[in-house]
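Enquirer: If you scroll down you'll find the structure; I have some questions about it.
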Amino acid sequence: MSMDTPFDTNLETLERLRAEAAAAGGAEKLKIQHEKGKLTARERIELLFDDGSFEEFDALKTGRGGALGDERSYPGDGVITGHGAIDGREVFVFSQDFTVVGGSLGEAHAQKICKVMDLAVRVGAPIIGLNDSGGARIQEGVDALAAYGEIFHRNVRASGVVPQISCIMGPCAGGAVYSPAITDFVFMVQDSSCMFVTGPSVVKTVTHQEISAEDLGGAVVHGKKSGVVHFTAPNDVLCLREIRRLFSYLPSNNRQRAPLLDLRDPANRVDPALDYLIPDNPNQTYDMNILIYSILDGAEFMEVQPGFARNIICGFGRLGGQTIGLVANQPAVLAGVLDNDASVKAGRFVRFCDAFNIPLIALVDVPGFMPGPDQEHGGIIRHGAKLLYAFTEATVPRISVIVRKAYGGAYLVMNSKHIHCDVNYAWPTAEIAVMGPKGAAEVIFRKEIHSADDPEALLNEKINHYRRTFANPFLAAQRGYIDDVIFPRDTRHRLIRTLQVLEGKTAKGPERKHGNIPL
């Protein structure tokens with residue numbers, strides 16, 4: 001009769017501990033997770049990564065115990081960490097498990113997250129966090145708060161070094177919200193996730209206002225009103241698919257360039273319809289998306305924050321297989337003016353692209369900054385300066401195409417030659433001036449108009465005169481502020497060719513620790 005060896009016992013122990021870790025909070029809690037329309041932490045990882053590529057770390061690490069009165073310790077301590085591949089490229093991940101002590105963050109939980117964050121920076125690989133947590137583990141007291149601080153510190157140190165993506169797939173409240181807020185892009189699942197610093201019960205206690213978690217910090221609120229969230233999805237599966245799609249546009253770190261992807265779209269393709277995109281009436285709107293989808297490879301464009309500050313469009317596309325960051329005014333919304341939200345949205349996007357070697361292209365049709373006391377009192381000077389700062393600071397290849405209106409300070413801010421954009425093109429329909437023809441005529445010819453027998457007729461005459469003289473791209477081209485006036489149908493080809501020319505661009509700023517962007 002043979003006896004079990006210690007080695008056999010250890011194998012059995014390992015199998016038992018791994019089974020416990022895989023079981024998470026137990027079958028009943030896993031069932032509840034599914035009933036809420038949510039995937040489990042492990043199911044999310046399986047969908048996120050290429051088949052069979054995930055390697056787990058610290059599966060057996062345990063913390064101090066569960067909830068008050070429940071001193072059991074759980075293998076994994078409520079978070080799954082490790083690395084896997086997306087389209088064959090290495091990525092680090094942590095996925096919080098709500099079935100284990102509500103996914104609450106304690107000391108061991110945070111140590112696991114910090115370990116993969118440190119490794120990600122060390123090897124130059126992106127970090128993806130799948131958040132589904134009840135918050136700090138209260139019974140661990142200040143240690144839980146200290147643990148959050150360690151994560152925040154690493155978020156900041158990794159910023160601009162490796163891409164950081166957060167995905168809110170359940171509750172995320174209190175101090176926990178600041179880790180996603182620091183990361184580059186935030187995804188959120190509709191109806192099953194929420195983000196807020198103080199929840200509905202605290203709001204009711206302090207302000208006596210009744211509000212639901214969804215109305216306070218749901219995906220729609222953060223996607224359209226606050227701008228905290230960059231992408232929303234109806235369920236976990238589509239959200240994870242969109243993360244993979246975003247990742248295809250990004251480099252793995254700040255020392256690399258985004259991968260090339262040939263969509264078999266000819267570089268010399270022309271679109272004659274673009275010659276007729278701009279209406280004859282300068283006050284008539286059109287949809288800038290028509291131009292965007294026409295020029296990009298395969299008509300593929302991934303818009304960032306599509307529901308927030310819709311008067312400006314930001315997103316990723318490809319030209320000649322190369323990832324580009326695109327910023328475009330949207331005449332179909334508020335005439336494409338720059339306001340507080342649009343300036344902040346575009347400024348942060350520009351800074352991300354610059355940090356990760358993604359060329360920037362601006363499609364300009366901007367009548368100016370939004371006027372009014374609400375905007376002025378809300379700090380439009382400060383917010384507009386953020387976009388100006390971001391474009392001026394950027395050292396990646398920068399190209400502008402002035403499609404129609406480019407007036408005043410907004411013209412300067414939108415990646416103009418005067419803030420050292422590399423190449424500036426204009427369509428024949430471009431209007432480059434200090435202000436619109438009507439406003440300019442009323443200022444320049446004020447005395448003549450007031451003393452005229454028919455002021456309205458004279459005003460119209462002066463408006464037309466100003467438009468013929470200044471509201472065109474040719475004067476700016478004569479001054480060298482526009483590198484070329486191009487046919488709209490040739491826009492795609494000219495952009496691809498210019499990106500090829502700028503590929504070897506180098507730019508070095510003055511020695512300094514960092515600038516002081518007007519936050």
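Letters A, B, ... mark the chains of the structure tokens in the order given; residue numbers begin at 1 per chain; ligand numbers begin at 1, in order shown.
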For range 369-462 of chain A against range 283-301 of chain A, with a cut-off of 12 Å and counting only C-alpha atoms, what is the closest atom pair and its distance in Å to one decimal for every residue that makes the cut, ordered by chain and number, as a tab-separated table?

Expert:
```
residue	atom	partner	partner_atom	distance
A:Val401	CA	A:Leu291	CA	11.1
A:Val403	CA	A:Met288	CA	9.6
A:Arg404	CA	A:Asn283	CA	10.8
A:Lys405	CA	A:Asn283	CA	10.1
A:Gly436	CA	A:Asn283	CA	10.6
A:Pro437	CA	A:Asn283	CA	11.5
A:Lys438	CA	A:Asn283	CA	11.4
```

Enquirer: Out of range 328-387 of chain A, which residues get strand (DSSP E) from DSSP, as a ChimeraX atom specification?

Expert: /A:328-329,360-366

Enquirer: Which residues come within 12 Å of Lys505 in chain A, counting only C-alpha atoms, excluding same-chain residues fewer than 2 positions away, as a PyMOL selection string?

Expert: chain A and resi 357+359+394-398+422+498-503+507-508

Enquirer: Residues near Arg18 in chain A, anyone? I mean within 9 Å using only C-alpha atoms, not counting same-chain ones fewer than 4 positions away, as a PyMOL selection string.

Expert: chain A and resi 13-14+22-23+59-60+75

Enquirer: Restricted to C-alpha atoms, what would the selected residues look like written as a PDB file, in the first residue's frame?

Expert:
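Written out: out18.pdb:
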```pdb
ATOM      1  CA  THR A  13      -3.400  21.828  -1.933  1.00  0.00           C
ATOM      2  CA  LEU A  14      -2.567  23.865  -5.027  1.00  0.00           C
ATOM      3  CA  ALA A  22     -11.832  30.455  -9.326  1.00  0.00           C
ATOM      4  CA  ALA A  23     -15.020  30.016  -7.307  1.00  0.00           C
ATOM      5  CA  ALA A  59      -4.139  34.233  -7.432  1.00  0.00           C
ATOM      6  CA  LEU A  60      -3.453  32.889  -3.932  1.00  0.00           C
ATOM      7  CA  PRO A  75      -7.726  33.749  -2.306  1.00  0.00           C
TER       8      PRO A  75
END
```

Enquirer: When you look at range 479-491 of chain A with a cut-off of 7 Å (counting only C-alpha atoms), what residues show up, excluding the ones that are within fewer than 5 positions of it in the same chain? I need them as a PyMOL selection string.

Expert: chain A and resi 270-272+274-275+295+417+423-428

Enquirer: Sorted by chain and rising residue number, list the residues of range 297-365 of chain A at most 8 Å from range 376-391 of chain A (counting only C-alpha atoms), each with its closest atom pair and distance in Å to one decimal, as JSON lines.

Expert:
```
{"residue": "A:Leu338", "atom": "CA", "partner": "A:Gly384", "partner_atom": "CA", "distance": 7.7}
{"residue": "A:Asp339", "atom": "CA", "partner": "A:Ile380", "partner_atom": "CA", "distance": 6.6}
{"residue": "A:Asn340", "atom": "CA", "partner": "A:Ile380", "partner_atom": "CA", "distance": 5.2}
{"residue": "A:Asp341", "atom": "CA", "partner": "A:His383", "partner_atom": "CA", "distance": 7.9}
{"residue": "A:Ser343", "atom": "CA", "partner": "A:Gly384", "partner_atom": "CA", "distance": 5.3}
{"residue": "A:Val344", "atom": "CA", "partner": "A:His383", "partner_atom": "CA", "distance": 6.0}
{"residue": "A:Ala346", "atom": "CA", "partner": "A:Leu387", "partner_atom": "CA", "distance": 6.5}
{"residue": "A:Gly347", "atom": "CA", "partner": "A:Leu387", "partner_atom": "CA", "distance": 4.2}
{"residue": "A:Arg348", "atom": "CA", "partner": "A:Ala390", "partner_atom": "CA", "distance": 7.5}
{"residue": "A:Val350", "atom": "CA", "partner": "A:Ala390", "partner_atom": "CA", "distance": 6.1}
{"residue": "A:Arg351", "atom": "CA", "partner": "A:Ala390", "partner_atom": "CA", "distance": 5.7}
```

Enquirer: I'd like the contact shell of Ile449 in chain A - 7 Å cut-off, only C-alpha atoms, skipping same-chain residues fewer than 5 positions apart - returned as a list of chain:residue names.

Expert: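 Contacts, with the query itself left out: A:Pro455, A:Leu458, A:Leu459.
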
Enquirer: Give me a file of those residues, with N, CA and C atoms, as an mmCIF file, in the first residue's frame.

Expert:
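Written file, selection-v2.cif:
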```cif
data_model
loop_
_atom_site.group_PDB
_atom_site.id
_atom_site.type_symbol
_atom_site.label_atom_id
_atom_site.label_comp_id
_atom_site.auth_asym_id
_atom_site.auth_seq_id
_atom_site.Cartn_x
_atom_site.Cartn_y
_atom_site.Cartn_z
ATOM 1 N N PRO A 455 -29.044 103.046 -44.511
ATOM 2 C CA PRO A 455 -27.997 102.347 -43.754
ATOM 3 C C PRO A 455 -27.922 100.853 -44.044
ATOM 4 N N LEU A 458 -26.203 100.186 -47.422
ATOM 5 C CA LEU A 458 -24.766 100.454 -47.333
ATOM 6 C C LEU A 458 -24.064 99.373 -46.521
ATOM 7 N N LEU A 459 -24.718 98.918 -45.441
ATOM 8 C CA LEU A 459 -24.124 97.853 -44.622
ATOM 9 C C LEU A 459 -23.926 96.584 -45.446
#
```

Enquirer: Counting only C-alpha atoms, what are the residues of range 215-328 of chain A within 12 Å of range 114-135 of chain A, and for each of them which pair of atoms is the nearest and at what distance in Å, to one decimal? Sort the table by chain and rising number, as a Markdown table.

Expert:
```
| residue | atom | partner | partner_atom | distance |
| --- | --- | --- | --- | --- |
| A:Asp236 | CA | A:Leu130 | CA | 10.3 |
| A:Cys239 | CA | A:Leu130 | CA | 10.6 |
| A:Leu240 | CA | A:Leu130 | CA | 9.5 |
| A:Ile243 | CA | A:Ile128 | CA | 9.0 |
| A:Arg244 | CA | A:Ile128 | CA | 10.6 |
| A:Leu246 | CA | A:Ile128 | CA | 11.7 |
| A:Phe247 | CA | A:Pro126 | CA | 9.0 |
| A:Ser248 | CA | A:Pro126 | CA | 11.9 |
| A:Leu250 | CA | A:Pro126 | CA | 9.3 |
| A:Pro251 | CA | A:Pro126 | CA | 8.6 |
| A:Ser252 | CA | A:Ala125 | CA | 5.2 |
| A:Asn253 | CA | A:Gly124 | CA | 5.3 |
| A:Asn254 | CA | A:Gly124 | CA | 8.1 |
| A:Arg255 | CA | A:Gly124 | CA | 8.4 |
| A:Gln256 | CA | A:Gly124 | CA | 9.2 |
```

Enquirer: Tell me, in Å to one decimal, how far CA of Arg494 in chain A is from CA of Cys421 in chain A.

Expert: 15.7 Å

Enquirer: Can you list, as a ChimeraX atom specification, every residue of range 46-247 of chain A that DSSP puts in alpha helix (DSSP H)?

Expert: /A:46-48,107-123,142-158,178-182,200-207,213-217,219-221,236-247

Enquirer: To one decimal place in Å, what is the distance between CA of Ser159 in chain A and CA of Ala355 in chain A?

Expert: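 For CA of Ser159 in chain A relative to CA of Ala355 in chain A, the distance reads 8.9 Å.
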
Enquirer: Using only C-alpha atoms for the distances, tell me which of A:Asp454, A:Ala342, A:Pro171, A:Thr429 is nearest to Gln375 in chain A.

Expert: A:Ala342

Enquirer: Need the shell around range 323-331 of chain A: protein/DNA/RNA residues with any atom at most 6 Å away, counting only C-alpha atoms. Skip same-chain ones fewer than 4 positions apart. Format as a list in words?

Expert: Tyr249, Thr285, Met288, Asn311, Ile312, Ile313, Cys314, Gly315, Phe316, Gly317, Arg318, Ala335, Gly336, Ile358, Pro359, Leu360, Ile361, Ala362, Leu363, Val364 and Asp365 of chain A

Enquirer: How would the residues just picked look written out with C-alpha atoms as a PDB file, in the first residue's frame?

Expert:
```pdb
ATOM      1  CA  TYR A 249      -5.131  52.844 -32.435  1.00  0.00           C
ATOM      2  CA  THR A 285     -24.621  74.482 -41.468  1.00  0.00           C
ATOM      3  CA  MET A 288     -18.247  67.875 -40.437  1.00  0.00           C
ATOM      4  CA  ASN A 311     -19.544  71.381 -31.037  1.00  0.00           C
ATOM      5  CA  ILE A 312     -16.061  69.909 -31.313  1.00  0.00           C
ATOM      6  CA  ILE A 313     -15.162  66.436 -32.592  1.00  0.00           C
ATOM      7  CA  CYS A 314     -12.145  64.509 -31.279  1.00  0.00           C
ATOM      8  CA  GLY A 315     -11.154  60.978 -32.148  1.00  0.00           C
ATOM      9  CA  PHE A 316      -8.829  58.477 -33.767  1.00  0.00           C
ATOM     10  CA  GLY A 317      -8.617  57.398 -37.375  1.00  0.00           C
ATOM     11  CA  ARG A 318      -5.996  56.317 -39.882  1.00  0.00           C
ATOM     12  CA  ALA A 335     -22.074  76.687 -35.318  1.00  0.00           C
ATOM     13  CA  GLY A 336     -18.838  75.017 -34.192  1.00  0.00           C
ATOM     14  CA  ILE A 358       0.193  60.352 -32.503  1.00  0.00           C
ATOM     15  CA  PRO A 359       0.158  63.044 -35.258  1.00  0.00           C
ATOM     16  CA  LEU A 360      -2.528  65.714 -34.948  1.00  0.00           C
ATOM     17  CA  ILE A 361      -4.829  66.966 -37.678  1.00  0.00           C
ATOM     18  CA  ALA A 362      -7.226  69.885 -37.191  1.00  0.00           C
ATOM     19  CA  LEU A 363     -10.204  70.514 -39.468  1.00  0.00           C
ATOM     20  CA  VAL A 364     -11.126  74.124 -38.817  1.00  0.00           C
ATOM     21  CA  ASP A 365     -14.473  75.843 -39.170  1.00  0.00           C
TER      22      ASP A 365
END
```
